[in-house]
Amino acid sequence: MKSNLQFSAILVGIAALGAVTLSPVAAFAQQVTSSPGTTQGANQAARMATIKARSDAEITDRLTSLNSASLKINAATKLSSNDKSTFGSEIQTDITNLTTLKAKIDADTDITTLRADAKSIFTDFRVYAVFLPQVHELAAIDTMGVTTANLQALSAKLQSRIQTAQGNGKDVTSLQGLLSDMNTQITNAQNQYSGVEGEISPLTPASYPGSNATLQDGRSKIKSGAADLKSAFQDAKQIVQGLKALEGKTATSIPSPSSSPASTQ
Amino acid sequence: MEDINLKIQKSRGSSTVIVAIVVIAVLIAGVIAFKLYKHQNANSSLTGGSQPTQISSTTPQTSPASASTSGATLSTGDNSDASLDKDLQTVGSNLNTLNSNTSSIDQGLNQKAVDPSQ
């Protein structure tokens with residue numbers, strides 16, 4: 001009888017010890033792994049973690065691209081002051097709003113809200129679909145404006161040199177023909193790109209997906225114009241070489257652009 | 001006397017069992033706590049991070065430095081051979097910048113978006 005009592009006391013002691021030792025652990029386990037319903041809750045937590053990680057990466061990519069775009073817009077010299085100002089402030093607004101969205105996504109606790117926020121990275125901003133192509137096209141137009149101005153200045157210098165050579169009794173027929181073609185190519189380029197800024201500037205995120213056609217058309221005109229400018233550059237190189245040849249000098253090798261804009265069409 | 005010895009033996013046996021059970025219970029609790037601690041750490045590294053864990057390789061790369069070369073303008077009034085060569089180099093540099101610009105346009109327009117909410 002006494003032995004039975006002793007055994008019962010031992011069992012009660014073990015149970016009490018077990019309860020004291022394991023109850024916080026069990027409660028912790030329930031809190032971490034199975035709040036809505038064991039496996040389902042864990043799966044949802046993992047899903048949310050994945051969406052948050054992907055969203056963070058997508059936003060970080062866009063912030064990097066927007067900062068680079070900001071430098072390009074600030075460096076532009078041929079864009080209208082209105083476009084420079086508009087796009088410059090739009091970039092800063094997007095950077096601010098995307099940073100705010102990232103903080104919201106990181107703090108989201110509900111998967112439906114999280115999904116909507118993640119989707120808004122695309123729907124509210126259209127950074128890659130509309131905004132950055134716009135900025136890249138504007139940067140290209142700016143570069144074309146600078147190149148055109150430089151080629152026109154070079155053309156004037158070449159015209160002067162050709163006239164001097166003609167005055168010295170040299171045959172400049174072929175050089176004059178090249179200069180004429182050079183000027184035509186410059187004009188053709190201007191005709192291609194001059195209207196693009198006005199076409200693409202009004203595009204907004206809400207313009208998507210109709211914006212695609214406008215941006216594609218802008219790209220096509222920019223590439224055609226770039227090919228014209230490259231032709232003008234080739235004419236200029238030949239004229240310089242021809243002038244040196246007329247004077248009995250050795251032509252200096254001028255490196256060509258790394259690749260033709262036309263070749264990327 | 002024999003009865004007393006028997007009681008002492010039973011008492012020692014019971015104490016051993018209690019000690020063994022307590023040790024096992026503590027070990028089990030330790031293992032469970034360690035696993036849960038690891039699980040929680042893994043979760044917080046995924047969710048709590050403001051640090052991005054993945055950078056898309058499809059980001060259009062822009063070259064801030066290239067923008068400055070497009071602003072170059074030619075010297076005026078000097079149409080010597082040296083000046084013309086320099087002018088050709090400047091225009092060649094402009095065209096290289098333009099190539100970079102058109103590549104950025106292509107990259108941007110050809111990029112496929114990946115919805116992170118899926």
# chains A, B, ... in the order shown; residues from 1 in each chain; ligands from 1

$ residues_around --residues "Leu109 of chain B" --least-positions-apart "2" --cutoff "12 Å" --atoms "only C-alpha atoms" --output "VMD selection string"
(chain A and resid 126 to 137 209 211 to 220) or (chain B and resid 58 to 60 102 to 107 111 to 113)

$ residues_around --residues "segment 157-163 of chain A" --least-positions-apart "5" --cutoff "12 Å" --atoms "only C-alpha atoms" --output "PyMOL selection string"
(chain A and resi 150-152+168-180+182-183+235-244+246-247) or (chain B and resi 74-81+83-85+87-88)
